[in-house]
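Participant: Handing you a structure now.
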Amino acid sequence: MHHKDGGGMRALALIFSLFLASCGAEIKEDTFDPNKTGQVRVVSTSLCGDTYVLVGVPHDNITALSWQSGDNVSTAPDSFKDKPKASDGAETLLALNPTLVVFGPGEGNAAKPLLDKRGIIHVNLVWGESLESVSVNMNILADALQLDPPARDVVQHLPNDRLRPTILYLSASGGTAGPGTYVDAAIVAAGGENIITTQGWHTPSIESLVALNPDLIVTSFFKDGYASVNEAGLRNKVLQDKIKSIPRVNVPGKLWPCAGPGLYKAANIIGNAIGELEIDKLELGEFE
């Protein structure tokens, strides 16, 4: 039996596919059916989720980013300033009428039953501390959208015969990171050796930090992080003098609020700074 509106529906599906293709996404045959769902509307509830959604979803299909997306640590472009902000609360999410909700690690437990009742697709990103975990999350998002994930960035490797310089990571609070953290993963991928050997994230004493003599210091969140009463990296003169006496490179905090797509760029920033150590071009002084 011939339906008069069949051609219109097929045309709508074709237009939708061409739209996504024009945004750089390769559509699989079993992607969202616009005849059933209409416009794809993706909502992210966390800063970590935002970093993945902004890379893996055509921007016109992003209905809302997280409540943190207006902060300095967000990668959201200016065009998102006036868009709605989302949290993992059920009422907020239902009001946004999403077709896909992207929760950060451990989020959304209270909202999921209502989303399931409404037939709204939702996924949780997994917490990770490695470049491999970035690929896992990109695949989670791509599978939910039934799209092919975007090509991942590449970390530029230094010559194998080069000595691995020692590197110290410092945040504005005076915190640092050892093995088992995504900062350590970026340092190693960039061709460096983490001078911190204690596992995990921690805040050593100022005395112990000053006693270290790395070849390079990596700073982050000095000007684009959240204000804190504990900002030893900014306020302690002894530590500041130490930082200024050693080659330093700054990684913008928005690149790595978690192990997200920006981790590749962070690793390349560190790698480039390592390369400049040979010709002593790394600038010292003002924090970026």
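Ordering of the structure tokens sets the chain letters (A, B, ...), residue numbers begin anew at 1 in every chain, and ligands are numbered from 1 in the order given.
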Run DSSP on the backbone and tell me which residues of range 118-249 of chain A come out as strand (DSSP E); list them as a list in words.
Facilitator: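 Matching residues, listed in order: Ile121, His122, Val123, Asn124, Thr166, Ile167, Leu168, Tyr169, Leu170, Ser171, Thr176, Ala177, Glu193, Asn194, Trp201, His202, Leu216, Ile217, Val218, Thr219, Ser220, Arg248 and Val249 of chain A.
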Participant: Can you list, as a count of residues only, every residue of range 70-281 of chain A that DSSP puts in alpha helix (DSSP H)?
Facilitator: 71
Participant: In Å, how far is it from CA of Gln146 in chain A to CA of Asp50 in chain A?
Facilitator: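 Computing the Euclidean distance for CA of Gln146 in chain A and CA of Asp50 in chain A yields 18.5 Å.
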Participant: Counting only C-alpha atoms, which of A:Gln199, A:Ser220, A:Asn272, A:Thr166 gets nearest to Pro179 in chain A?
Facilitator: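 Comparing A:Gln199, A:Ser220, A:Asn272, A:Thr166 against Pro179 in chain A, the winner is A:Gln199.
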Participant: One number please: CA of Gly260 in chain A to CA of Lys223 in chain A, in Å, one decimal.
Facilitator: 20.3 Å
Participant: Find the residues around Thr197 in chain A up to 10 Å (only C-alpha atoms counted), leave out those fewer than 3 positions away in its own chain, and share them as a VMD selection string.
Facilitator: chain A and resid 177 to 180 184 193 to 194 200
Participant: Mind dumping the selected residues with C-alpha atoms as an mmCIF file, in the first residue's frame?
Facilitator:
```cif
data_model
loop_
_atom_site.group_PDB
_atom_site.id
_atom_site.type_symbol
_atom_site.label_atom_id
_atom_site.label_comp_id
_atom_site.auth_asym_id
_atom_site.auth_seq_id
_atom_site.Cartn_x
_atom_site.Cartn_y
_atom_site.Cartn_z
ATOM 1 C CA ALA A 177 50.651 13.980 40.178
ATOM 2 C CA GLY A 178 52.530 10.698 40.136
ATOM 3 C CA PRO A 179 52.134 7.414 38.264
ATOM 4 C CA GLY A 180 48.566 6.283 37.706
ATOM 5 C CA ASP A 184 51.689 11.183 34.302
ATOM 6 C CA GLU A 193 60.045 11.021 33.047
ATOM 7 C CA ASN A 194 57.857 12.061 35.966
ATOM 8 C CA GLY A 200 48.288 9.200 42.454
#
```
Participant: Residues at most 9 Å from Leu94 in chain A, counting only C-alpha atoms, excluding those fewer than 4 positions away in the same chain, as a VMD selection string?
Facilitator: chain A and resid 89 to 90 98 114 to 115 118
Participant: Which of these, A:Leu131, A:Ala190, A:Ala86, A:Ile246, has the shortest distance to Val155 in chain A once you count only C-alpha atoms?
Facilitator: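 Smallest separation from Val155 in chain A among the options: A:Ala190.
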Participant: As an exercise, work out the distance from CA of Lys85 in chain A to CA of Leu47 in chain A in Å and give it to one decimal place.
Facilitator: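 Between these atoms lies a distance of 10.9 Å.
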Participant: Could you pull the residues within 10 Å of Leu212 in chain A, counting only C-alpha atoms, minus those fewer than 2 positions along the same chain, as a tab-separated table (two decimals) with C-alpha atoms, in the first residue's frame?
Facilitator:
```tsv
chain	number	residue	atom	x	y	z
A	167	ILE	CA	59.38	16.66	34.69
A	168	LEU	CA	57.50	18.06	37.69
A	195	ILE	CA	60.09	13.16	38.83
A	196	ILE	CA	57.23	12.29	41.21
A	207	GLU	CA	60.06	21.99	51.28
A	208	SER	CA	59.96	18.69	49.41
A	209	LEU	CA	58.89	20.37	46.18
A	210	VAL	CA	61.64	22.98	46.38
A	214	PRO	CA	63.49	18.64	37.41
A	215	ASP	CA	64.57	19.55	33.89
A	242	LYS	CA	61.80	27.73	42.27
```
Participant: Need the shell around Leu141 in chain A: protein/DNA/RNA residues with any atom at most 9 Å away, counting only C-alpha atoms. Skip same-chain ones fewer than 2 positions apart. Format as a PyMOL selection string?
Facilitator: chain A and resi 52-53+56-57+102+123-125+136-139+143-147+149
Participant: Identify which of the residues A:Leu170, A:Ile187, A:Ala259, A:Val251 lies closest to Gly271 in chain A, counting only C-alpha atoms when measuring atom-to-atom distances.
Facilitator: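 Among the listed residues, the smallest separation from Gly271 in chain A belongs to A:Ile187.
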